[in-house]
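Okay, model-v1.tsv is below, TSV, C-alpha atoms:
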```tsv
chain	number	residue	atom	x	y	z
E	63	MET	CA	16.91	0.70	-15.17
E	64	PRO	CA	16.87	3.09	-18.13
E	65	THR	CA	16.04	6.63	-17.12
E	66	ASP	CA	12.54	7.43	-18.29
E	67	ALA	CA	12.03	10.98	-19.57
E	68	ARG	CA	8.43	11.00	-18.34
E	69	HIS	CA	9.44	10.03	-14.83
E	70	PRO	CA	12.39	12.21	-13.96
E	71	ASP	CA	11.72	11.68	-10.26
E	72	THR	CA	12.36	7.96	-10.40
E	73	PRO	CA	15.90	7.22	-9.31
E	74	GLU	CA	17.87	4.83	-11.47
E	75	THR	CA	18.66	2.62	-8.52
E	76	PRO	CA	16.27	3.38	-5.69
E	77	LYS	CA	17.62	3.56	-2.18
E	78	ILE	CA	16.46	0.63	-0.09
E	79	LEU	CA	16.44	0.43	3.69
E	80	ILE	CA	15.87	-2.90	5.42
E	81	ARG	CA	15.75	-3.79	9.09
E	82	VAL	CA	16.17	-7.49	9.90
E	83	PRO	CA	17.67	-8.77	13.17
E	84	VAL	CA	21.22	-10.09	12.81
E	85	ARG	CA	20.51	-13.16	14.96
E	86	ALA	CA	17.48	-14.88	16.42
E	87	GLN	CA	16.49	-18.03	18.29
E	88	ARG	CA	14.59	-20.67	16.37
E	89	GLY	CA	10.88	-19.98	16.72
E	90	ASP	CA	11.32	-16.29	17.53
E	91	VAL	CA	8.80	-13.96	15.94
E	92	PHE	CA	10.40	-10.69	14.91
E	93	GLU	CA	9.57	-7.56	12.96
E	94	ILE	CA	11.01	-6.71	9.56
E	95	LYS	CA	10.92	-3.21	8.13
E	96	ALA	CA	11.43	-2.41	4.48
E	97	LEU	CA	11.51	0.96	2.75
E	98	ILE	CA	12.26	1.80	-0.86
E	99	ASN	CA	12.74	5.16	-2.56
E	100	HIS	CA	10.08	5.40	-5.25
E	101	PRO	CA	7.67	8.20	-6.29
E	102	MET	CA	4.68	5.81	-6.74
E	103	GLU	CA	3.42	8.02	-9.56
E	104	ASN	CA	-0.34	7.46	-9.56
E	105	GLY	CA	-1.13	8.53	-13.13
E	106	LEU	CA	-3.37	11.39	-11.98
E	107	ARG	CA	-0.86	14.20	-11.98
E	108	TYR	CA	0.04	16.58	-14.78
E	109	ASP	CA	3.47	17.80	-15.75
E	110	GLN	CA	4.41	21.39	-16.56
E	111	ASP	CA	3.14	21.03	-20.14
E	112	GLY	CA	-0.26	19.84	-18.99
E	113	GLN	CA	0.42	16.24	-20.00
E	114	VAL	CA	-0.65	13.43	-17.71
E	115	ILE	CA	2.35	11.82	-16.08
E	116	PRO	CA	1.79	8.11	-16.76
E	117	ARG	CA	1.22	5.80	-13.84
E	118	LYS	CA	4.38	4.17	-12.54
E	119	ILE	CA	4.13	2.46	-9.21
E	120	ILE	CA	5.57	-0.57	-7.50
E	121	HIS	CA	2.59	-2.89	-7.73
E	122	ARG	CA	4.00	-5.95	-5.99
E	123	PHE	CA	6.21	-6.56	-3.00
E	124	VAL	CA	7.39	-9.99	-1.89
E	125	CYS	CA	9.63	-11.03	1.00
E	126	ARG	CA	11.06	-14.57	1.09
E	127	TYR	CA	13.02	-16.31	3.80
E	128	ASN	CA	15.29	-19.03	2.36
E	129	GLY	CA	12.97	-19.12	-0.63
E	130	GLU	CA	9.72	-19.40	1.34
E	131	ILE	CA	7.25	-16.57	1.37
E	132	VAL	CA	6.87	-14.32	4.39
E	133	VAL	CA	4.55	-11.76	2.81
E	134	ASP	CA	3.33	-11.22	-0.73
E	135	CYS	CA	1.56	-7.92	-1.38
E	136	ASP	CA	-0.25	-6.22	-4.24
E	137	TRP	CA	0.02	-2.48	-3.99
E	138	GLY	CA	-2.28	0.08	-5.58
E	139	THR	CA	-1.86	3.79	-6.15
E	140	ALA	CA	-3.01	4.39	-2.57
E	141	VAL	CA	0.34	3.22	-1.25
E	142	SER	CA	2.40	6.29	-0.36
E	143	ALA	CA	5.52	7.41	-2.18
E	144	ASN	CA	8.64	5.78	-0.77
E	145	PRO	CA	6.60	2.76	0.26
E	146	TYR	CA	7.21	1.40	3.72
E	147	MET	CA	6.12	-1.95	5.09
E	148	SER	CA	6.59	-3.59	8.43
E	149	PHE	CA	5.63	-7.22	9.01
E	150	PHE	CA	6.62	-10.28	11.05
E	151	ALA	CA	8.61	-13.41	10.32
E	152	VAL	CA	9.32	-16.49	12.39
E	153	ALA	CA	12.92	-17.69	12.74
E	154	ALA	CA	13.63	-21.12	11.22
E	155	ASP	CA	17.17	-21.61	9.88
E	156	SER	CA	20.12	-19.34	9.26
E	157	GLY	CA	19.94	-17.91	5.80
E	158	THR	CA	18.73	-14.99	3.78
E	159	PHE	CA	15.76	-12.72	3.50
E	160	ASP	CA	15.13	-11.69	-0.09
E	161	PHE	CA	13.07	-8.63	-0.86
E	162	GLU	CA	11.58	-7.97	-4.27
E	163	TRP	CA	9.71	-4.89	-5.49
E	164	THR	CA	8.14	-5.04	-8.97
E	165	ASP	CA	7.72	-1.77	-10.86
E	166	ASP	CA	5.01	-1.12	-13.47
E	167	ASP	CA	7.76	-0.94	-16.10
E	168	GLY	CA	8.78	-4.51	-15.28
E	169	THR	CA	11.90	-3.63	-13.35
E	170	ILE	CA	12.44	-5.69	-10.22
E	171	TYR	CA	14.37	-4.03	-7.43
E	172	ARG	CA	16.01	-6.58	-5.15
E	173	HIS	CA	17.67	-6.55	-1.80
E	174	SER	CA	18.65	-9.21	0.69
E	175	ALA	CA	19.67	-9.48	4.31
E	176	PRO	CA	21.29	-12.38	6.19
E	177	ILE	CA	20.13	-13.84	9.47
E	178	LEU	CA	21.86	-16.16	11.94
E	179	VAL	CA	19.54	-18.53	13.78
E	180	ALA	CA	20.80	-20.30	16.87
H	122	MET	CA	2.39	25.57	-15.72
H	123	ALA	CA	0.43	28.79	-16.23
H	124	PRO	CA	-0.52	30.43	-12.96
H	125	VAL	CA	-3.70	28.89	-11.68
H	126	ASP	CA	-6.49	31.12	-10.47
H	127	ARG	CA	-7.59	29.52	-7.24
H	128	ARG	CA	-11.08	30.97	-7.46
H	129	LYS	CA	-11.61	29.69	-10.98
H	130	VAL	CA	-10.45	26.25	-9.94
H	131	LEU	CA	-12.85	26.26	-7.00
H	132	ILE	CA	-15.79	27.41	-9.07
H	133	GLY	CA	-14.88	24.91	-11.76
H	134	SER	CA	-14.70	21.99	-9.39
H	135	ALA	CA	-17.94	23.00	-7.69
H	136	ALA	CA	-19.61	23.03	-11.09
H	137	LEU	CA	-18.22	19.60	-11.89
H	138	VAL	CA	-19.55	18.20	-8.65
H	139	ALA	CA	-22.94	19.83	-9.23
H	140	ALA	CA	-23.09	18.43	-12.73
H	141	GLY	CA	-22.37	14.98	-11.35
H	142	PHE	CA	-19.11	14.59	-13.22
H	143	VAL	CA	-17.14	13.91	-10.09
H	144	ARG	CA	-18.25	10.72	-8.51
H	145	ALA	CA	-18.67	10.85	-4.79
H	146	GLU	CA	-17.30	8.04	-2.68
H	147	GLU	CA	-17.51	4.71	-4.43
H	148	PRO	CA	-20.09	2.68	-2.51
H	149	LEU	CA	-18.33	0.11	-0.38
H	150	ASP	CA	-20.87	-2.55	-1.25
H	151	HIS	CA	-20.08	-2.23	-4.94
H	152	LEU	CA	-16.38	-2.60	-4.21
H	153	LEU	CA	-16.93	-5.64	-2.01
H	154	GLY	CA	-19.04	-7.14	-4.77
H	155	GLU	CA	-16.20	-6.69	-7.26
H	156	ILE	CA	-13.79	-8.54	-5.01
H	157	PHE	CA	-15.90	-11.08	-3.14
H	158	ALA	CA	-18.90	-11.50	-5.49
H	159	ASP	CA	-21.95	-12.03	-3.27
H	160	ARG	CA	-20.05	-12.80	-0.06
H	161	ARG	CA	-19.97	-10.03	2.56
H	162	PRO	CA	-17.79	-9.70	5.67
H	163	LYS	CA	-18.99	-9.70	9.26
H	164	PRO	CA	-17.38	-7.32	11.73
H	165	GLY	CA	-14.60	-8.71	13.91
H	166	VAL	CA	-11.37	-10.77	13.88
H	167	ILE	CA	-9.41	-8.04	12.04
H	168	ALA	CA	-8.26	-4.82	13.72
H	169	MET	CA	-7.12	-1.53	12.22
H	170	LYS	CA	-4.99	1.16	13.77
H	171	LEU	CA	-5.53	4.47	12.00
H	172	SER	CA	-5.32	7.99	13.36
H	173	PRO	CA	-8.74	9.70	13.31
H	174	LEU	CA	-7.13	12.90	12.04
H	175	ALA	CA	-4.33	13.61	9.59
H	176	GLU	CA	-2.96	16.94	8.47
H	177	ASN	CA	-2.57	15.68	4.94
H	178	GLY	CA	-3.33	12.43	3.22
H	179	LEU	CA	0.07	11.85	1.67
H	180	ALA	CA	1.45	9.25	4.05
H	181	VAL	CA	-1.00	8.12	6.68
H	182	PRO	CA	0.32	5.32	8.94
H	183	ILE	CA	-1.96	2.30	9.19
H	184	THR	CA	-1.64	-1.05	10.95
H	185	LEU	CA	-3.77	-4.09	10.17
H	186	SER	CA	-3.76	-7.20	12.31
H	187	VAL	CA	-5.76	-10.40	12.31
H	188	ALA	CA	-6.14	-12.36	15.55
H	189	GLU	CA	-5.44	-15.67	13.82
H	190	PRO	CA	-2.27	-17.59	12.97
H	191	PRO	CA	-0.98	-16.24	9.64
H	192	ALA	CA	-1.30	-19.70	8.06
H	193	ASN	CA	-5.04	-19.36	8.57
H	194	VAL	CA	-5.27	-15.97	6.83
H	195	LYS	CA	-5.73	-16.11	3.10
H	196	ARG	CA	-5.47	-12.38	2.54
H	197	ILE	CA	-6.16	-8.91	3.88
H	198	VAL	CA	-7.76	-6.45	1.46
H	199	LEU	CA	-7.43	-2.75	2.21
H	200	LEU	CA	-10.03	-0.41	0.71
H	201	ALA	CA	-10.10	3.39	0.53
H	202	PRO	CA	-13.49	4.09	-1.09
H	203	GLY	CA	-12.84	7.85	-1.16
H	204	ASN	CA	-9.77	7.45	-3.36
H	205	PRO	CA	-9.76	7.62	-7.17
H	206	PHE	CA	-8.56	3.99	-7.08
H	207	PRO	CA	-10.19	2.51	-3.98
H	208	ARG	CA	-8.43	-0.85	-3.97
H	209	ALA	CA	-5.47	0.22	-1.90
H	210	ALA	CA	-3.59	-3.02	-1.31
H	211	GLU	CA	-3.82	-6.73	-0.70
H	212	TYR	CA	-1.58	-8.66	1.69
H	213	ARG	CA	-1.02	-12.42	1.73
H	214	PHE	CA	1.04	-14.34	4.26
H	215	GLY	CA	3.36	-17.26	3.52
H	216	PRO	CA	4.69	-20.14	5.64
H	217	ARG	CA	7.42	-17.95	7.16
H	218	ALA	CA	5.11	-15.18	8.41
H	219	GLY	CA	5.27	-14.73	12.17
H	220	LYS	CA	2.02	-12.80	12.64
H	221	ALA	CA	-0.87	-11.78	10.43
H	222	GLU	CA	0.00	-8.13	10.89
H	223	ILE	CA	1.38	-5.38	8.67
H	224	SER	CA	2.04	-1.67	8.99
H	225	THR	CA	2.38	0.70	6.08
H	226	ARG	CA	1.67	4.25	4.94
H	227	ILE	CA	-1.14	5.09	2.57
H	228	ARG	CA	-2.31	8.07	0.50
H	229	LEU	CA	-5.84	9.25	1.14
H	230	ALA	CA	-7.40	11.71	-1.29
H	231	ARG	CA	-9.84	13.02	1.33
H	232	SER	CA	-11.70	12.29	4.54
H	233	GLN	CA	-13.32	8.88	4.33
H	234	THR	CA	-13.99	5.55	5.97
H	235	VAL	CA	-11.13	3.16	5.39
H	236	THR	CA	-12.12	-0.51	5.41
H	237	ALA	CA	-10.07	-3.69	5.71
H	238	VAL	CA	-11.35	-7.19	5.03
H	239	ALA	CA	-9.66	-10.41	6.12
H	240	GLU	CA	-10.38	-13.63	4.29
H	241	LEU	CA	-9.57	-16.67	6.42
H	242	GLY	CA	-8.55	-20.14	5.30
H	243	ASP	CA	-12.11	-21.40	5.66
H	244	GLY	CA	-13.30	-18.66	3.28
H	245	SER	CA	-15.02	-16.60	5.98
H	246	LEU	CA	-14.79	-12.81	5.63
H	247	TRP	CA	-14.24	-10.35	8.48
H	248	SER	CA	-13.95	-6.61	8.35
H	249	THR	CA	-13.19	-3.49	10.28
H	250	ALA	CA	-13.47	0.17	9.37
H	251	ALA	CA	-12.22	3.51	10.66
H	252	ASP	CA	-13.08	7.11	9.84
H	253	ILE	CA	-10.31	9.54	9.12
H	254	THR	CA	-10.50	13.28	8.65
H	255	ILE	CA	-7.93	14.85	6.36
H	256	THR	CA	-7.66	18.48	7.42
H	257	SER	CA	-5.93	19.97	4.38
H	258	GLY	CA	-7.17	17.78	1.71
H	259	ALA	CA	-8.06	19.09	-1.70
H	260	CYS	CA	-7.66	16.05	-3.88
H	261	ALA	CA	-5.67	17.96	-6.48
H	262	GLU	CA	-3.33	19.29	-3.87
H	263	ILE	CA	-2.65	15.89	-2.44
H	264	TYR	CA	-2.09	14.31	-5.78
H	265	ASP	CA	0.15	17.13	-6.97
H	266	ALA	CA	2.45	17.31	-4.03
H	267	HIS	CA	5.09	14.76	-3.32
```

Now that the file is in, can you turn its structure into structure tokens?
Amino acid sequence: MPTDARHPDTPETPKILIRVPVRAQRGDVFEIKALINHPMENGLRYDQDGQVIPRKIIHRFVCRYNGEIVVDCDWGTAVSANPYMSFFAVAADSGTFDFEWTDDDGTIYRHSAPILVA
Amino acid sequence: MAPVDRRKVLIGSAALVAAGFVRAEEPLDHLLGEIFADRRPKPGVIAMKLSPLAENGLAVPITLSVAEPPANVKRIVLLAPGNPFPRAAEYRFGPRAGKAEISTRIRLARSQTVTAVAELGDGSLWSTAADITITSGACAEIYDAH
């Protein structure tokens, strides 16, 4: 992601923390936690020169499990900085969880985590 | 930024409120109309966990859960009518969801009644609401601090 002069707080590659169980039994329901480093700039703040800092938030978050959706969220400016989500998935097959955060500037931050299903 | 005179800011914002420039809480009914047209939710089915008191509104934990299989939940809409942008978030569940439940952290500009609406597969709407008091909550302060 190109560094944006108006958003000096936005890291070039945000830190992402994911918690997915390493293994599970088929049919198990388990919690997934996902956190990403992002200022979620709401477009209401002013910088030191009195200029409005343009809005720049992650407005969509999607989690897929082997390509099928677990959750699909639209986020507004009311979602806190460094957005955190916890939700539940049901174990089907071994494979991958893919996480996708879409920024206002079009950047998509991705992360994935494997799971072994017995 | 030039040093801000706290008193001037206070007087200024009081004047703005008095002059009607600052809109009070956006009426919930208007918001619901924007999203659901003339349909309105009934209380029940969805539950919200929200602390009644928060020191600041920067990152308030909230949990929303619907007592239905996730496949039967079309979406959950979270509304913060006291915020400058009241439509806080919308959550949809896919075939791999294990429960119709999410937890997150939200920003609240001030004390208000937070509302969540669940739309089920049959199109029925259900809601829940909770009051929260933000103890140190000048809007400007919250939106200026990270």

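Residues from chain E found within 7 Å of chain H are E:Val91, E:Leu106, E:Arg107, E:Gln110, E:Asp111, E:Tyr127, E:Glu130, E:Ile131, E:Val132, E:Val133, E:Asp134, E:Cys135, E:Asp136, E:Trp137, E:Gly138, E:Thr139, E:Ala140, E:Val141, E:Ser142, E:Pro145, E:Tyr146, E:Met147, E:Ser148, E:Phe149, E:Phe150, E:Ala151, E:Val152, counting all atoms listed in the file.
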
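Closest approach to Gln233 of chain H among H:Arg161, H:Pro202, H:Val187, H:Thr249: H:Pro202, based on only C-alpha atoms.
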
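Ranking E:Ile170, E:Val114, E:Ile119, E:Ala180 by their shortest atom-to-atom distance to His100 of chain E, with all atoms listed in the file included, puts E:Ile119 first.
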
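Distance annotation: of H:Ala158, H:Ala188, H:Leu152, H:Ala175, the residue with the minimal separation from Ala239 of chain H is H:Ala188; atom set is all atoms listed in the file.
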
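Considering all atoms listed in the file, the residue among E:Phe92, E:Gln113, E:Thr75, E:Asn128 positioned nearest to Thr169 of chain E is E:Thr75.
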
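You can rank E:Ile177, E:Tyr171, E:Ala154, E:Phe161 by their closest distance to Gly89 of chain E using all atoms listed in the file, and at the top of that list sits E:Ala154.
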
Write out as a PyMOL selection string the residues lying within 9 Å of Leu174 of chain H, counting all atoms listed in the file and excluding same-chain residues fewer than 4 positions away. chain H and resi 232+252-256

Suppose we keep C-alpha atoms; can you now write the selection as a PDB file, in the coordinates of the input?
```pdb
ATOM      1  CA  SER H 232     -11.700  12.290   4.540  1.00  0.00           C
ATOM      2  CA  ASP H 252     -13.080   7.110   9.840  1.00  0.00           C
ATOM      3  CA  ILE H 253     -10.310   9.540   9.120  1.00  0.00           C
ATOM      4  CA  THR H 254     -10.500  13.280   8.650  1.00  0.00           C
ATOM      5  CA  ILE H 255      -7.930  14.850   6.360  1.00  0.00           C
ATOM      6  CA  THR H 256      -7.660  18.480   7.420  1.00  0.00           C
TER       7      THR H 256
END
```

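Going from atom CA of Ser245 of chain H to atom CA of Leu171 of chain H covers 23.9 Å.
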
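Within the 9 Å cut-off around segment 79-87 of chain E, using all atoms listed in the file and omitting residues fewer than 2 positions from it on the same chain, the listed residues are Lys77, Gly89, Asp90, Val91, Phe92, Glu93, Ile94, Lys95, Ala96, Leu97, Ile98, Asn99, Ala153, Ala154, Ser156, Phe159, Phe161, His173, Ser174, Ala175, Pro176, Ile177, Leu178, Val179 and Ala180 of chain E.
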
Distance query Leu246 of chain H at most 10 Å, all atoms listed in the file, self and fewer than 5 positions along chain excluded, as a ChimeraX atom specification: /H:157,160-167,195-197,238-241

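Between atom CA of Arg126 of chain E and atom CA of Asp160 of chain E lies a distance of 5.1 Å.
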
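Atom pair atom CA of Glu176 of chain H / atom CA of Gly203 of chain H: separated by 16.5 Å.
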
Reconstruct N, CA, C and O atoms of segment 88-111 of chain E; output as a PDB file, keeping the file's coordinate frame.
```
ATOM      1  N   ARG E  88      15.594 -19.953  17.151  1.00  0.00           N
ATOM      2  CA  ARG E  88      14.590 -20.670  16.370  1.00  0.00           C
ATOM      3  C   ARG E  88      13.209 -20.495  17.007  1.00  0.00           C
ATOM      4  O   ARG E  88      13.073 -20.632  18.219  1.00  0.00           O
ATOM      5  N   GLY E  89      12.236 -20.156  16.211  1.00  0.00           N
ATOM      6  CA  GLY E  89      10.880 -19.980  16.720  1.00  0.00           C
ATOM      7  C   GLY E  89      10.541 -18.546  17.116  1.00  0.00           C
ATOM      8  O   GLY E  89       9.378 -18.221  17.330  1.00  0.00           O
ATOM      9  N   ASP E  90      11.568 -17.702  17.209  1.00  0.00           N
ATOM     10  CA  ASP E  90      11.320 -16.290  17.530  1.00  0.00           C
ATOM     11  C   ASP E  90      10.471 -15.629  16.443  1.00  0.00           C
ATOM     12  O   ASP E  90      10.689 -15.861  15.258  1.00  0.00           O
ATOM     13  N   VAL E  91       9.555 -14.775  16.891  1.00  0.00           N
ATOM     14  CA  VAL E  91       8.800 -13.960  15.940  1.00  0.00           C
ATOM     15  C   VAL E  91       9.383 -12.547  16.009  1.00  0.00           C
ATOM     16  O   VAL E  91       9.525 -11.995  17.091  1.00  0.00           O
ATOM     17  N   PHE E  92       9.772 -12.009  14.879  1.00  0.00           N
ATOM     18  CA  PHE E  92      10.400 -10.690  14.910  1.00  0.00           C
ATOM     19  C   PHE E  92       9.887  -9.825  13.760  1.00  0.00           C
ATOM     20  O   PHE E  92       9.360 -10.328  12.765  1.00  0.00           O
ATOM     21  N   GLU E  93      10.075  -8.516  13.933  1.00  0.00           N
ATOM     22  CA  GLU E  93       9.570  -7.560  12.960  1.00  0.00           C
ATOM     23  C   GLU E  93      10.613  -7.280  11.883  1.00  0.00           C
ATOM     24  O   GLU E  93      11.810  -7.228  12.166  1.00  0.00           O
ATOM     25  N   ILE E  94      10.148  -7.103  10.670  1.00  0.00           N
ATOM     26  CA  ILE E  94      11.010  -6.710   9.560  1.00  0.00           C
ATOM     27  C   ILE E  94      10.456  -5.408   8.998  1.00  0.00           C
ATOM     28  O   ILE E  94       9.235  -5.256   8.858  1.00  0.00           O
ATOM     29  N   LYS E  95      11.358  -4.469   8.721  1.00  0.00           N
ATOM     30  CA  LYS E  95      10.920  -3.210   8.130  1.00  0.00           C
ATOM     31  C   LYS E  95      11.611  -3.031   6.784  1.00  0.00           C
ATOM     32  O   LYS E  95      12.801  -3.318   6.664  1.00  0.00           O
ATOM     33  N   ALA E  96      10.860  -2.575   5.811  1.00  0.00           N
ATOM     34  CA  ALA E  96      11.430  -2.410   4.480  1.00  0.00           C
ATOM     35  C   ALA E  96      10.911  -1.113   3.861  1.00  0.00           C
ATOM     36  O   ALA E  96       9.712  -0.836   3.875  1.00  0.00           O
ATOM     37  N   LEU E  97      11.850  -0.321   3.360  1.00  0.00           N
ATOM     38  CA  LEU E  97      11.510   0.960   2.750  1.00  0.00           C
ATOM     39  C   LEU E  97      12.262   1.092   1.437  1.00  0.00           C
ATOM     40  O   LEU E  97      13.425   0.713   1.346  1.00  0.00           O
ATOM     41  N   ILE E  98      11.591   1.597   0.421  1.00  0.00           N
ATOM     42  CA  ILE E  98      12.260   1.800  -0.860  1.00  0.00           C
ATOM     43  C   ILE E  98      11.916   3.202  -1.372  1.00  0.00           C
ATOM     44  O   ILE E  98      10.806   3.685  -1.211  1.00  0.00           O
ATOM     45  N   ASN E  99      12.903   3.835  -1.974  1.00  0.00           N
ATOM     46  CA  ASN E  99      12.740   5.160  -2.560  1.00  0.00           C
ATOM     47  C   ASN E  99      12.037   5.047  -3.890  1.00  0.00           C
ATOM     48  O   ASN E  99      12.620   4.539  -4.849  1.00  0.00           O
ATOM     49  N   HIS E 100      10.785   5.499  -3.965  1.00  0.00           N
ATOM     50  CA  HIS E 100      10.080   5.400  -5.250  1.00  0.00           C
ATOM     51  C   HIS E 100       8.927   6.406  -5.227  1.00  0.00           C
ATOM     52  O   HIS E 100       8.219   6.496  -4.232  1.00  0.00           O
ATOM     53  N   PRO E 101       8.705   7.157  -6.319  1.00  0.00           N
ATOM     54  CA  PRO E 101       7.670   8.200  -6.290  1.00  0.00           C
ATOM     55  C   PRO E 101       6.242   7.651  -6.285  1.00  0.00           C
ATOM     56  O   PRO E 101       5.316   8.370  -5.931  1.00  0.00           O
ATOM     57  N   MET E 102       6.028   6.386  -6.655  1.00  0.00           N
ATOM     58  CA  MET E 102       4.680   5.810  -6.740  1.00  0.00           C
ATOM     59  C   MET E 102       3.764   6.771  -7.497  1.00  0.00           C
ATOM     60  O   MET E 102       2.725   7.211  -7.007  1.00  0.00           O
ATOM     61  N   GLU E 103       4.154   7.074  -8.716  1.00  0.00           N
ATOM     62  CA  GLU E 103       3.420   8.020  -9.560  1.00  0.00           C
ATOM     63  C   GLU E 103       2.052   7.416  -9.896  1.00  0.00           C
ATOM     64  O   GLU E 103       1.972   6.352 -10.497  1.00  0.00           O
ATOM     65  N   ASN E 104       0.974   8.115  -9.486  1.00  0.00           N
ATOM     66  CA  ASN E 104      -0.340   7.460  -9.560  1.00  0.00           C
ATOM     67  C   ASN E 104      -1.082   7.655 -10.881  1.00  0.00           C
ATOM     68  O   ASN E 104      -2.203   7.173 -11.036  1.00  0.00           O
ATOM     69  N   GLY E 105      -0.490   8.363 -11.830  1.00  0.00           N
ATOM     70  CA  GLY E 105      -1.130   8.530 -13.130  1.00  0.00           C
ATOM     71  C   GLY E 105      -2.223   9.585 -13.141  1.00  0.00           C
ATOM     72  O   GLY E 105      -2.973   9.701 -14.105  1.00  0.00           O
ATOM     73  N   LEU E 106      -2.323  10.370 -12.058  1.00  0.00           N
ATOM     74  CA  LEU E 106      -3.370  11.390 -11.980  1.00  0.00           C
ATOM     75  C   LEU E 106      -2.782  12.796 -12.005  1.00  0.00           C
ATOM     76  O   LEU E 106      -3.501  13.776 -12.001  1.00  0.00           O
ATOM     77  N   ARG E 107      -1.475  12.879 -12.025  1.00  0.00           N
ATOM     78  CA  ARG E 107      -0.860  14.200 -11.980  1.00  0.00           C
ATOM     79  C   ARG E 107      -0.494  14.670 -13.385  1.00  0.00           C
ATOM     80  O   ARG E 107      -0.359  13.887 -14.307  1.00  0.00           O
ATOM     81  N   TYR E 108      -0.343  15.987 -13.492  1.00  0.00           N
ATOM     82  CA  TYR E 108       0.040  16.580 -14.780  1.00  0.00           C
ATOM     83  C   TYR E 108       1.421  17.180 -14.667  1.00  0.00           C
ATOM     84  O   TYR E 108       1.801  17.685 -13.618  1.00  0.00           O
ATOM     85  N   ASP E 109       2.153  17.153 -15.769  1.00  0.00           N
ATOM     86  CA  ASP E 109       3.470  17.800 -15.750  1.00  0.00           C
ATOM     87  C   ASP E 109       3.324  19.268 -16.149  1.00  0.00           C
ATOM     88  O   ASP E 109       2.219  19.772 -16.331  1.00  0.00           O
ATOM     89  N   GLN E 110       4.446  19.951 -16.306  1.00  0.00           N
ATOM     90  CA  GLN E 110       4.410  21.390 -16.560  1.00  0.00           C
ATOM     91  C   GLN E 110       3.781  21.732 -17.902  1.00  0.00           C
ATOM     92  O   GLN E 110       3.324  22.854 -18.111  1.00  0.00           O
ATOM     93  N   ASP E 111       3.757  20.783 -18.833  1.00  0.00           N
ATOM     94  CA  ASP E 111       3.140  21.030 -20.140  1.00  0.00           C
ATOM     95  C   ASP E 111       1.687  20.608 -20.181  1.00  0.00           C
ATOM     96  O   ASP E 111       1.080  20.568 -21.257  1.00  0.00           O
TER      97      ASP E 111
END
```
